[in-house]
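Chemist: So that you have it, the file is run.cif, and it contains mmCIF, C-alpha atoms:
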data_coords
#
loop_
_atom_site.group_PDB
_atom_site.id
_atom_site.type_symbol
_atom_site.label_atom_id
_atom_site.label_comp_id
_atom_site.auth_asym_id
_atom_site.auth_seq_id
_atom_site.Cartn_x
_atom_site.Cartn_y
_atom_site.Cartn_z
ATOM 1 C CA MET R 1367 256.879 186.068 301.506
ATOM 2 C CA ARG R 1368 259.444 188.861 301.812
ATOM 3 C CA GLU R 1369 263.036 187.755 301.477
ATOM 4 C CA LEU R 1370 264.533 190.016 304.149
ATOM 5 C CA GLU R 1371 261.901 189.028 306.687
ATOM 6 C CA LEU R 1372 262.439 185.358 305.912
ATOM 7 C CA ILE R 1373 266.217 185.687 306.248
ATOM 8 C CA ALA R 1374 265.814 187.392 309.614
ATOM 9 C CA GLU R 1375 263.482 184.647 310.818
ATOM 10 C CA LEU R 1376 265.794 181.875 309.595
ATOM 11 C CA SER R 1377 268.801 183.534 311.215
ATOM 12 C CA GLY R 1378 266.931 183.432 314.513
ATOM 13 C CA ILE R 1379 266.244 179.719 314.079
ATOM 14 C CA LEU R 1380 269.909 179.033 313.382
ATOM 15 C CA ALA R 1381 271.191 181.048 316.347
ATOM 16 C CA ALA R 1382 270.069 178.414 318.852
ATOM 17 C CA GLY R 1383 271.627 174.992 319.323
ATOM 18 C CA ARG R 1384 274.072 172.805 321.175
ATOM 19 C CA ALA R 1385 277.012 172.949 318.755
ATOM 20 C CA ASP R 1386 280.183 174.755 319.793
ATOM 21 C CA ARG R 1387 279.865 178.190 318.196
ATOM 22 C CA ALA R 1388 283.274 179.507 319.260
ATOM 23 C CA ARG R 1389 284.757 178.670 315.871
ATOM 24 C CA LEU R 1390 282.110 180.757 314.054
ATOM 25 C CA VAL R 1391 283.414 184.328 313.908
ATOM 26 C CA ARG R 1392 280.641 185.614 311.610
ATOM 27 C CA GLY R 1393 277.618 183.604 310.532
ATOM 28 C CA PRO R 1394 274.259 184.328 308.871
ATOM 29 C CA GLY R 1395 273.630 188.036 308.387
ATOM 30 C CA ASP R 1396 276.846 189.076 306.655
ATOM 31 C CA ASP R 1397 277.909 188.700 303.029
ATOM 32 C CA ALA R 1398 280.073 185.711 303.898
ATOM 33 C CA ALA R 1399 280.700 183.402 306.813
ATOM 34 C CA VAL R 1400 283.946 183.680 308.779
ATOM 35 C CA VAL R 1401 285.127 180.461 310.404
ATOM 36 C CA ARG R 1402 288.216 179.878 312.480
ATOM 37 C CA ALA R 1403 290.118 177.340 310.379
ATOM 38 C CA ARG R 1404 291.993 174.414 311.842
ATOM 39 C CA GLY R 1405 293.931 171.626 310.194
ATOM 40 C CA TYR R 1406 292.545 170.304 306.916
ATOM 41 C CA ALA R 1407 289.074 170.994 305.496
ATOM 42 C CA VAL R 1408 287.003 168.090 304.144
ATOM 43 C CA THR R 1409 284.248 169.466 301.903
ATOM 44 C CA SER R 1410 281.288 167.930 300.080
ATOM 45 C CA VAL R 1411 278.376 169.477 298.150
ATOM 46 C CA ASP R 1412 274.996 167.825 297.522
ATOM 47 C CA THR R 1413 271.922 169.120 295.702
ATOM 48 C CA LEU R 1414 268.399 167.756 296.132
ATOM 49 C CA VAL R 1415 265.762 168.718 293.548
ATOM 50 C CA GLU R 1416 262.005 168.351 293.846
ATOM 51 C CA GLY R 1417 260.807 165.560 291.563
ATOM 52 C CA VAL R 1418 264.264 164.065 291.231
ATOM 53 C CA HIS R 1419 265.473 163.339 294.776
ATOM 54 C CA PHE R 1420 262.220 163.783 296.714
ATOM 55 C CA ARG R 1421 258.564 164.754 296.355
ATOM 56 C CA SER R 1422 257.057 167.359 298.655
ATOM 57 C CA ALA R 1423 253.741 165.498 298.653
ATOM 58 C CA GLN R 1424 255.456 162.584 300.413
ATOM 59 C CA LEU R 1425 257.567 164.454 302.970
ATOM 60 C CA THR R 1426 257.046 167.295 305.393
ATOM 61 C CA ALA R 1427 259.152 170.410 304.926
ATOM 62 C CA GLU R 1428 261.066 169.522 308.101
ATOM 63 C CA GLU R 1429 261.813 166.062 306.701
ATOM 64 C CA ILE R 1430 263.120 167.575 303.471
ATOM 65 C CA GLY R 1431 265.532 169.736 305.464
ATOM 66 C CA HIS R 1432 266.560 166.778 307.618
ATOM 67 C CA ARG R 1433 267.125 164.555 304.595
ATOM 68 C CA ALA R 1434 269.154 167.148 302.724
ATOM 69 C CA VAL R 1435 271.639 167.734 305.542
ATOM 70 C CA ALA R 1436 271.829 164.110 306.726
ATOM 71 C CA THR R 1437 272.676 162.807 303.266
ATOM 72 C CA ALA R 1438 275.356 165.462 302.844
ATOM 73 C CA LEU R 1439 276.866 164.678 306.264
ATOM 74 C CA SER R 1440 276.971 161.028 305.220
ATOM 75 C CA ASP R 1441 279.788 161.943 302.823
ATOM 76 C CA LEU R 1442 281.834 163.128 305.795
ATOM 77 C CA ALA R 1443 280.976 159.944 307.684
ATOM 78 C CA ALA R 1444 282.328 157.903 304.772
ATOM 79 C CA MET R 1445 285.691 159.618 305.125
ATOM 80 C CA ALA R 1446 285.733 159.565 308.941
ATOM 81 C CA ALA R 1447 285.665 163.367 309.162
ATOM 82 C CA PRO R 1448 283.980 165.133 312.100
ATOM 83 C CA ALA R 1449 281.348 167.640 310.971
ATOM 84 C CA GLY R 1450 282.172 171.340 311.240
ATOM 85 C CA GLU R 1451 280.025 173.704 309.208
ATOM 86 C CA VAL R 1452 276.953 173.404 307.006
ATOM 87 C CA TYR R 1453 275.981 175.880 304.285
ATOM 88 C CA LEU R 1454 272.402 175.777 303.041
ATOM 89 C CA ALA R 1455 271.232 177.234 299.701
ATOM 90 C CA LEU R 1456 267.494 177.154 299.013
ATOM 91 C CA GLY R 1457 265.745 177.587 295.679
ATOM 92 C CA LEU R 1458 262.120 178.283 296.611
ATOM 93 C CA PRO R 1459 259.139 178.373 294.217
ATOM 94 C CA GLY R 1460 257.157 181.599 294.378
ATOM 95 C CA ASP R 1461 254.206 179.965 296.122
ATOM 96 C CA THR R 1462 256.269 178.577 299.012
ATOM 97 C CA GLU R 1463 254.658 179.338 302.356
ATOM 98 C CA ARG R 1464 256.903 181.089 304.852
ATOM 99 C CA SER R 1465 256.061 178.453 307.453
ATOM 100 C CA ALA R 1466 257.278 175.716 305.086
ATOM 101 C CA ALA R 1467 260.602 177.458 304.519
ATOM 102 C CA GLU R 1468 261.039 177.885 308.259
ATOM 103 C CA ALA R 1469 260.190 174.230 308.915
ATOM 104 C CA LEU R 1470 262.697 173.087 306.282
ATOM 105 C CA VAL R 1471 265.458 175.108 307.924
ATOM 106 C CA ARG R 1472 264.473 173.837 311.376
ATOM 107 C CA GLY R 1473 264.836 170.285 310.110
ATOM 108 C CA ALA R 1474 268.213 171.041 308.558
ATOM 109 C CA HIS R 1475 269.412 172.860 311.679
ATOM 110 C CA ALA R 1476 268.347 170.043 314.001
ATOM 111 C CA VAL R 1477 270.386 167.470 312.073
ATOM 112 C CA ALA R 1478 273.430 169.735 311.849
ATOM 113 C CA ASP R 1479 273.258 170.606 315.522
ATOM 114 C CA GLY R 1480 272.872 166.978 316.518
ATOM 115 C CA ALA R 1481 276.067 166.226 314.598
ATOM 116 C CA GLY R 1482 277.948 169.051 316.326
ATOM 117 C CA ALA R 1483 277.903 171.175 313.171
ATOM 118 C CA ILE R 1484 276.871 174.794 312.677
ATOM 119 C CA VAL R 1485 274.746 176.133 309.821
ATOM 120 C CA ALA R 1486 277.104 178.998 309.079
ATOM 121 C CA GLY R 1487 275.391 180.580 306.091
ATOM 122 C CA GLY R 1488 273.809 180.034 302.699
ATOM 123 C CA ASP R 1489 271.518 181.637 300.165
ATOM 124 C CA ILE R 1490 267.865 181.948 299.180
ATOM 125 C CA SER R 1491 266.541 182.494 295.667
ATOM 126 C CA LEU R 1492 263.425 181.959 293.582
ATOM 127 C CA SER R 1493 263.348 178.679 291.665
ATOM 128 C CA PRO R 1494 260.861 176.861 289.425
ATOM 129 C CA ALA R 1495 261.268 173.791 291.654
ATOM 130 C CA LEU R 1496 262.203 173.413 295.296
ATOM 131 C CA THR R 1497 265.971 172.898 295.388
ATOM 132 C CA VAL R 1498 268.153 172.371 298.431
ATOM 133 C CA THR R 1499 271.921 172.554 298.053
ATOM 134 C CA VAL R 1500 273.987 171.639 301.077
ATOM 135 C CA THR R 1501 277.712 172.155 301.512
ATOM 136 C CA VAL R 1502 279.273 170.400 304.495
ATOM 137 C CA VAL R 1503 282.759 170.996 305.841
ATOM 138 C CA GLY R 1504 284.605 168.746 308.255
ATOM 139 C CA TRP R 1505 287.972 169.356 309.861
ATOM 140 C CA VAL R 1506 290.849 167.038 310.725
ATOM 141 C CA ASP R 1507 294.320 167.775 312.081
ATOM 142 C CA ASP R 1508 295.873 164.842 310.219
ATOM 143 C CA PRO R 1509 294.732 163.962 306.672
ATOM 144 C CA GLY R 1510 296.155 160.506 307.290
ATOM 145 C CA ALA R 1511 293.227 159.912 309.633
ATOM 146 C CA LEU R 1512 290.796 160.137 306.713
ATOM 147 C CA VAL R 1513 289.588 157.078 304.822
ATOM 148 C CA GLY R 1514 289.032 157.212 301.062
ATOM 149 C CA ARG R 1515 287.725 154.670 298.586
ATOM 150 C CA ASP R 1516 291.137 153.703 297.296
ATOM 151 C CA GLY R 1517 292.918 151.848 300.115
ATOM 152 C CA ALA R 1518 291.433 148.339 299.981
ATOM 153 C CA ARG R 1519 293.805 145.406 299.508
ATOM 154 C CA PRO R 1520 293.143 141.789 298.501
ATOM 155 C CA GLY R 1521 292.128 139.776 301.538
ATOM 156 C CA ASP R 1522 290.249 142.565 303.309
ATOM 157 C CA VAL R 1523 286.910 141.846 304.959
ATOM 158 C CA VAL R 1524 283.931 143.818 303.626
ATOM 159 C CA VAL R 1525 281.414 144.921 306.260
ATOM 160 C CA VAL R 1526 278.333 147.127 306.351
ATOM 161 C CA THR R 1527 276.836 149.088 309.209
ATOM 162 C CA GLY R 1528 273.182 148.850 310.106
ATOM 163 C CA SER R 1529 270.687 147.216 307.776
ATOM 164 C CA LEU R 1530 269.805 147.583 304.109
ATOM 165 C CA GLY R 1531 266.734 148.078 301.965
ATOM 166 C CA GLY R 1532 264.790 150.149 304.483
ATOM 167 C CA SER R 1533 264.825 153.403 302.556
ATOM 168 C CA GLY R 1534 263.842 151.750 299.287
ATOM 169 C CA ALA R 1535 261.014 149.899 301.015
ATOM 170 C CA GLY R 1536 259.882 153.113 302.682
ATOM 171 C CA LEU R 1537 259.757 154.842 299.308
ATOM 172 C CA ALA R 1538 257.745 151.932 297.864
ATOM 173 C CA LEU R 1539 255.183 152.466 300.638
ATOM 174 C CA LEU R 1540 255.094 156.218 300.010
ATOM 175 C CA ASP R 1541 254.690 155.612 296.265
ATOM 176 C CA ASP R 1542 251.810 153.177 296.948
ATOM 177 C CA ARG R 1543 253.715 150.435 295.137
ATOM 178 C CA ALA R 1544 253.414 148.442 298.378
ATOM 179 C CA ARG R 1545 251.043 148.396 301.343
ATOM 180 C CA ASP R 1546 251.710 148.057 305.045
ATOM 181 C CA ARG R 1547 249.553 144.935 305.330
ATOM 182 C CA GLY R 1548 251.407 141.914 306.636
ATOM 183 C CA LEU R 1549 254.399 143.935 307.878
ATOM 184 C CA PRO R 1550 255.794 143.381 311.379
ATOM 185 C CA ALA R 1551 254.412 145.717 314.040
ATOM 186 C CA GLY R 1552 255.883 149.202 313.658
ATOM 187 C CA ALA R 1553 257.786 148.270 310.489
ATOM 188 C CA ALA R 1554 255.908 150.602 308.139
ATOM 189 C CA ARG R 1555 256.647 153.590 310.368
ATOM 190 C CA GLU R 1556 260.327 152.632 310.611
ATOM 191 C CA LEU R 1557 260.656 152.073 306.849
ATOM 192 C CA ARG R 1558 259.171 155.491 306.179
ATOM 193 C CA ARG R 1559 261.578 156.990 308.714
ATOM 194 C CA ARG R 1560 264.519 155.301 307.018
ATOM 195 C CA TYR R 1561 263.605 157.124 303.808
ATOM 196 C CA ALA R 1562 262.492 160.463 305.257
ATOM 197 C CA ARG R 1563 265.015 160.820 308.083
ATOM 198 C CA PRO R 1564 268.260 158.983 307.239
ATOM 199 C CA GLN R 1565 271.090 159.027 309.752
ATOM 200 C CA ALA R 1566 274.680 159.932 308.856
ATOM 201 C CA ARG R 1567 276.970 157.357 310.495
ATOM 202 C CA LEU R 1568 279.549 159.901 311.633
ATOM 203 C CA HIS R 1569 280.512 158.164 314.876
ATOM 204 C CA ALA R 1570 280.673 154.742 313.234
ATOM 205 C CA GLY R 1571 282.874 156.071 310.448
ATOM 206 C CA ARG R 1572 285.387 157.549 312.862
ATOM 207 C CA MET R 1573 285.452 154.375 314.949
ATOM 208 C CA LEU R 1574 286.046 152.195 311.897
ATOM 209 C CA ALA R 1575 288.842 154.503 310.759
ATOM 210 C CA ALA R 1576 290.484 154.245 314.177
ATOM 211 C CA LEU R 1577 290.217 150.454 313.941
ATOM 212 C CA GLY R 1578 292.133 150.439 310.656
ATOM 213 C CA ALA R 1579 289.518 150.736 307.904
ATOM 214 C CA ARG R 1580 291.305 150.848 304.540
ATOM 215 C CA ALA R 1581 288.451 151.965 302.280
ATOM 216 C CA MET R 1582 284.958 153.257 302.962
ATOM 217 C CA ILE R 1583 281.905 154.573 301.130
ATOM 218 C CA ASP R 1584 278.393 155.514 302.147
ATOM 219 C CA ILE R 1585 275.621 153.463 300.575
ATOM 220 C CA SER R 1586 273.630 155.974 298.560
ATOM 221 C CA ASP R 1587 273.181 154.072 295.295
ATOM 222 C CA GLY R 1588 272.867 150.558 296.729
ATOM 223 C CA VAL R 1589 275.662 148.289 297.903
ATOM 224 C CA ALA R 1590 275.790 146.591 294.478
ATOM 225 C CA THR R 1591 276.861 149.890 292.916
ATOM 226 C CA ASP R 1592 278.808 151.407 295.785
ATOM 227 C CA ALA R 1593 280.944 148.298 296.330
ATOM 228 C CA ARG R 1594 281.871 148.577 292.671
ATOM 229 C CA HIS R 1595 283.045 152.147 293.297
ATOM 230 C CA LEU R 1596 285.305 150.856 296.080
ATOM 231 C CA ALA R 1597 286.612 148.096 293.836
ATOM 232 C CA ALA R 1598 287.354 150.470 290.976
ATOM 233 C CA ARG R 1599 289.110 153.082 293.116
ATOM 234 C CA SER R 1600 291.155 150.473 295.000
ATOM 235 C CA GLY R 1601 291.960 148.297 291.999
ATOM 236 C CA VAL R 1602 290.715 145.117 293.676
ATOM 237 C CA GLY R 1603 287.848 142.726 293.168
ATOM 238 C CA VAL R 1604 284.999 142.671 295.682
ATOM 239 C CA GLU R 1605 283.118 139.433 296.257
ATOM 240 C CA LEU R 1606 279.862 139.838 298.173
ATOM 241 C CA THR R 1607 277.389 137.284 299.479
ATOM 242 C CA LEU R 1608 273.780 138.235 298.846
ATOM 243 C CA ALA R 1609 272.485 135.927 301.584
ATOM 244 C CA ASP R 1610 274.561 137.801 304.182
ATOM 245 C CA LEU R 1611 273.042 141.243 303.548
ATOM 246 C CA PRO R 1612 271.279 142.449 306.724
ATOM 247 C CA LEU R 1613 267.672 143.407 305.950
ATOM 248 C CA THR R 1614 265.706 146.115 307.727
ATOM 249 C CA PRO R 1615 262.547 144.555 309.260
ATOM 250 C CA GLY R 1616 259.698 144.805 306.761
ATOM 251 C CA VAL R 1617 261.894 144.785 303.651
ATOM 252 C CA ALA R 1618 261.204 141.112 302.911
ATOM 253 C CA GLU R 1619 257.449 141.673 303.027
ATOM 254 C CA VAL R 1620 257.626 144.778 300.827
ATOM 255 C CA ALA R 1621 259.879 142.998 298.333
ATOM 256 C CA GLU R 1622 257.385 140.119 298.147
ATOM 257 C CA GLN R 1623 254.620 142.569 297.293
ATOM 258 C CA LEU R 1624 256.838 144.052 294.584
ATOM 259 C CA GLY R 1625 257.558 140.580 293.205
ATOM 260 C CA VAL R 1626 261.330 140.817 293.679
ATOM 261 C CA ASP R 1627 263.916 138.955 295.732
ATOM 262 C CA ALA R 1628 264.327 140.709 299.079
ATOM 263 C CA ARG R 1629 268.126 140.718 299.179
ATOM 264 C CA THR R 1630 268.442 141.736 295.546
ATOM 265 C CA PHE R 1631 266.126 144.622 296.410
ATOM 266 C CA ALA R 1632 268.261 145.517 299.435
ATOM 267 C CA ALA R 1633 271.418 145.427 297.303
ATOM 268 C CA THR R 1634 270.060 147.778 294.663
ATOM 269 C CA ALA R 1635 267.352 150.026 296.154
ATOM 270 C CA GLY R 1636 269.805 152.611 297.496
ATOM 271 C CA GLU R 1637 269.647 155.586 299.866
ATOM 272 C CA ASP R 1638 270.272 153.613 303.050
ATOM 273 C CA TYR R 1639 273.268 155.847 303.939
ATOM 274 C CA GLU R 1640 274.957 153.059 305.841
ATOM 275 C CA LEU R 1641 278.704 152.527 305.436
ATOM 276 C CA CYS R 1642 280.379 149.846 303.320
ATOM 277 C CA VAL R 1643 283.888 149.308 304.664
ATOM 278 C CA CYS R 1644 286.991 147.270 303.829
ATOM 279 C CA LEU R 1645 288.828 146.142 306.973
ATOM 280 C CA PRO R 1646 292.038 144.147 307.327
ATOM 281 C CA PRO R 1647 291.112 140.724 308.756
ATOM 282 C CA ALA R 1648 292.955 141.419 312.023
ATOM 283 C CA ALA R 1649 290.675 144.430 312.655
ATOM 284 C CA LEU R 1650 287.434 142.456 312.515
ATOM 285 C CA ALA R 1651 287.523 141.054 316.069
ATOM 286 C CA PRO R 1652 288.424 144.433 317.655
ATOM 287 C CA ALA R 1653 285.654 146.057 315.602
ATOM 288 C CA ARG R 1654 283.114 143.544 316.857
ATOM 289 C CA GLU R 1655 284.277 144.095 320.430
ATOM 290 C CA ALA R 1656 283.984 147.869 320.023
ATOM 291 C CA TRP R 1657 280.504 147.483 318.578
ATOM 292 C CA ALA R 1658 279.413 145.202 321.404
ATOM 293 C CA ALA R 1659 280.647 147.736 323.954
ATOM 294 C CA THR R 1660 278.914 150.728 322.327
ATOM 295 C CA ARG R 1661 275.143 150.405 322.329
ATOM 296 C CA SER R 1662 274.534 153.531 320.266
ATOM 297 C CA LEU R 1663 276.172 152.082 317.136
ATOM 298 C CA PRO R 1664 274.215 150.377 314.341
ATOM 299 C CA GLY R 1665 274.910 146.711 313.594
ATOM 300 C CA LEU R 1666 278.074 145.535 311.872
ATOM 301 C CA THR R 1667 277.804 142.667 309.382
ATOM 302 C CA VAL R 1668 280.388 140.890 307.224
ATOM 303 C CA ILE R 1669 279.065 140.685 303.661
ATOM 304 C CA GLY R 1670 282.142 139.713 301.634
ATOM 305 C CA ARG R 1671 285.833 140.059 300.963
ATOM 306 C CA THR R 1672 288.246 141.688 298.560
ATOM 307 C CA VAL R 1673 290.327 139.681 296.094
ATOM 308 C CA ALA R 1674 292.910 140.344 293.430
ATOM 309 C CA GLY R 1675 290.984 141.670 290.474
ATOM 310 C CA ALA R 1676 290.296 144.427 288.028
ATOM 311 C CA GLY R 1677 287.915 146.703 289.926
ATOM 312 C CA GLU R 1678 284.691 144.672 289.781
ATOM 313 C CA ALA R 1679 282.140 143.817 292.451
ATOM 314 C CA THR R 1680 280.185 140.586 292.162
ATOM 315 C CA PHE R 1681 277.804 138.513 294.258
ATOM 316 C CA VAL R 1682 279.024 134.961 294.609
ATOM 317 C CA ASP R 1683 275.431 133.768 295.060
ATOM 318 C CA GLY R 1684 273.580 136.313 292.935
ATOM 319 C CA ALA R 1685 274.382 135.997 289.248
ATOM 320 C CA GLY R 1686 272.980 138.925 287.327
ATOM 321 C CA VAL R 1687 272.612 141.282 290.297
ATOM 322 C CA SER R 1688 273.959 144.606 289.114
ATOM 323 C CA GLY R 1689 273.236 148.279 289.239
ATOM 324 C CA GLY R 1690 271.643 150.337 291.949
ATOM 325 C CA TYR R 1691 269.519 153.358 292.597
ATOM 326 C CA GLU R 1692 269.509 156.155 290.041
ATOM 327 C CA HIS R 1693 268.212 159.636 290.874
ATOM 328 C CA SER R 1694 265.379 159.890 288.359
ATOM 329 C CA GLY R 1695 261.955 161.427 288.617
#
With the file now loaded, output its structure as structure tokens.

Modeler:
Amino acid sequence: MRELELIAELSGILAAGRADRARLVRGPGDDAAVVRARGYAVTSVDTLVEGVHFRSAQLTAEEIGHRAVATALSDLAAMAAPAGEVYLALGLPGDTERSAAEALVRGAHAVADGAGAIVAGGDISLSPALTVTVTVVGWVDDPGALVGRDGARPGDVVVVTGSLGGSGAGLALLDDRARDRGLPAGAARELRRRYARPQARLHAGRMLAALGARAMIDISDGVATDARHLAARSGVGVELTLADLPLTPGVAEVAEQLGVDARTFAATAGEDYELCVCLPPAALAPAREAWAATRSLPGLTVIGRTVAGAGEATFVDGAGVSGGYEHSG
């Protein structure tokens, strides 16, 4: 696989798409990207490493590209920032097939384009393991429109988007720690999709910010861990109710096979990339109305509240539930 030929082919893949390209003055093909700046840049960098964050034997190359960009965009969703540019750096083992590299970039490009973002550049190098580093940049005119982890106040309502446990259950199926027997119709396919093709909740994040969200985080390590991050940054206590966690269909059956409580599994398995949000109580009814009026949004479920405290997150009905997903091999 010749590097210059591969770069030319990948540049052709990235040239197509629906995203507004007017802001991209110079993209792939030059030594650096040139982007027309506006307002304030919101930037996040994520690295995925073969054997640590994914296994190529379990995912297609396109799914690896999708997963890498979607999980990076989820950081922008958690701050209510619209996506702007994506930069993609690939470390490819020497035996990587050209078709696999192209498929990975197609997957990454499709996710970026669907989010209104442009893959504006990146890098390719040899690596002992497949490595995908993604830098995402969002833009806002007013930094006050962003939501961090540090704004929660005692008395806020804690909500999550979508459902939980699906990615962890999908990985259990891929790892052969669980089987698809006894699962609801179509559940195994959906659980695998939740792991292989996560969705960044960009629209939901912006809507929640507009409704008055005070603190927000994406659920990458499990809500048990990520709620603790919110609590620590905001200097409040977070009290969650395990029984209220919304489960992805099929999670209960997979958890039973694994011999664990389904909601404890959902709280700790991680990589759901839903949003955990602290809302003032007065914003809950308008949020529910907005959700009911917008069919494209995931669900919205109350799972707890914030209290005066010292930065801890606890489950009022789940003594001993702690910790979440850790990126190990």

Chemist: Could you list, as a ChimeraX atom specification, every residue matched by the PyMOL selection byres ((chain R and resi 1619) around 9) in this structure?

Modeler: /R:1546-1550,1615-1618,1620-1624,1628

Chemist: Go ahead and write the residues just picked, C-alpha atoms, as a PDB file, keeping the file's coordinate frame.

Modeler:
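Output file out_18.pdb is given in full below:
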ATOM      1  CA  ASP R1546     251.710 148.057 305.045  1.00  0.00           C
ATOM      2  CA  ARG R1547     249.553 144.935 305.330  1.00  0.00           C
ATOM      3  CA  GLY R1548     251.407 141.914 306.636  1.00  0.00           C
ATOM      4  CA  LEU R1549     254.399 143.935 307.878  1.00  0.00           C
ATOM      5  CA  PRO R1550     255.794 143.381 311.379  1.00  0.00           C
ATOM      6  CA  PRO R1615     262.547 144.555 309.260  1.00  0.00           C
ATOM      7  CA  GLY R1616     259.698 144.805 306.761  1.00  0.00           C
ATOM      8  CA  VAL R1617     261.894 144.785 303.651  1.00  0.00           C
ATOM      9  CA  ALA R1618     261.204 141.112 302.911  1.00  0.00           C
ATOM     10  CA  VAL R1620     257.626 144.778 300.827  1.00  0.00           C
ATOM     11  CA  ALA R1621     259.879 142.998 298.333  1.00  0.00           C
ATOM     12  CA  GLU R1622     257.385 140.119 298.147  1.00  0.00           C
ATOM     13  CA  GLN R1623     254.620 142.569 297.293  1.00  0.00           C
ATOM     14  CA  LEU R1624     256.838 144.052 294.584  1.00  0.00           C
ATOM     15  CA  ALA R1628     264.327 140.709 299.079  1.00  0.00           C
TER      16      ALA R1628
END

Chemist: Taking the file as I've supplied it (selection: the PyMOL selection byres ((chain R and resi 1652) around 12)), which residues are included? Please answer as a list in words.

Modeler: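 For this structure, the PyMOL selection byres ((chain R and resi 1652) around 12) resolves to Met1573, Leu1574, Ala1576, Leu1577, Gly1578, Ala1579, Leu1645, Pro1646, Pro1647, Ala1648, Ala1649, Leu1650, Ala1651, Ala1653, Arg1654, Glu1655, Ala1656, Trp1657, Ala1658, Ala1659 and Leu1666 of chain R.
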
Chemist: Filtering to C-alpha atoms, could you give me those residues as a PDB file, in the coordinates of the input?

Modeler:
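Final output, part-v1.pdb:
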ATOM      1  CA  MET R1573     285.452 154.375 314.949  1.00  0.00           C
ATOM      2  CA  LEU R1574     286.046 152.195 311.897  1.00  0.00           C
ATOM      3  CA  ALA R1576     290.484 154.245 314.177  1.00  0.00           C
ATOM      4  CA  LEU R1577     290.217 150.454 313.941  1.00  0.00           C
ATOM      5  CA  GLY R1578     292.133 150.439 310.656  1.00  0.00           C
ATOM      6  CA  ALA R1579     289.518 150.736 307.904  1.00  0.00           C
ATOM      7  CA  LEU R1645     288.828 146.142 306.973  1.00  0.00           C
ATOM      8  CA  PRO R1646     292.038 144.147 307.327  1.00  0.00           C
ATOM      9  CA  PRO R1647     291.112 140.724 308.756  1.00  0.00           C
ATOM     10  CA  ALA R1648     292.955 141.419 312.023  1.00  0.00           C
ATOM     11  CA  ALA R1649     290.675 144.430 312.655  1.00  0.00           C
ATOM     12  CA  LEU R1650     287.434 142.456 312.515  1.00  0.00           C
ATOM     13  CA  ALA R1651     287.523 141.054 316.069  1.00  0.00           C
ATOM     14  CA  ALA R1653     285.654 146.057 315.602  1.00  0.00           C
ATOM     15  CA  ARG R1654     283.114 143.544 316.857  1.00  0.00           C
ATOM     16  CA  GLU R1655     284.277 144.095 320.430  1.00  0.00           C
ATOM     17  CA  ALA R1656     283.984 147.869 320.023  1.00  0.00           C
ATOM     18  CA  TRP R1657     280.504 147.483 318.578  1.00  0.00           C
ATOM     19  CA  ALA R1658     279.413 145.202 321.404  1.00  0.00           C
ATOM     20  CA  ALA R1659     280.647 147.736 323.954  1.00  0.00           C
ATOM     21  CA  LEU R1666     278.074 145.535 311.872  1.00  0.00           C
TER      22      LEU R1666
END

Chemist: Each side padded by 4 Å, which centre and which edge lengths in Å (one decimal) define the axis-aligned box around the listed atoms of segment 1536-1550 of chain R? Give them as AutoDock Vina command-line options.

Modeler:
--center_x 254.7 --center_y 149.1 --center_z 303.3 --size_x 18.3 --size_y 22.3 --size_z 24.2

Chemist: Name the closest residue to Val1471 of chain R among the candidates R:Ser1586, R:Glu1428, R:Arg1519, R:Thr1499; distances are taken between atoms, counting all atoms listed in the file.

Modeler: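 With all atoms listed in the file as the atom set, the closest residue is R:Glu1428.
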
Chemist: Tell me which of R:Ala1566, R:Val1602, R:Gly1534, R:Thr1672 sits closest to Thr1630 of chain R, counting all atoms listed in the file.

Modeler: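 Once distances to Thr1630 of chain R are computed over all atoms listed in the file, the minimum belongs to R:Gly1534.
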
Chemist: Mind giving me the straight-line distance from atom CA of Ala1427 of chain R to atom CA of Ala1466 of chain R in Å, one decimal?

Modeler: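 Interatomic distance, atom CA of Ala1427 of chain R to atom CA of Ala1466 of chain R: 5.6 Å.
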
Chemist: Might you spell out which residues the PyMOL selection byres ((chain R and resi 1518) around 7) would select in the displayed file, as a list in words?

Modeler: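 Output of the PyMOL selection byres ((chain R and resi 1518) around 7): Asp1516, Gly1517, Arg1519, Pro1520, Asp1522, Arg1580, Ala1581, Ser1600 and Cys1644 of chain R.
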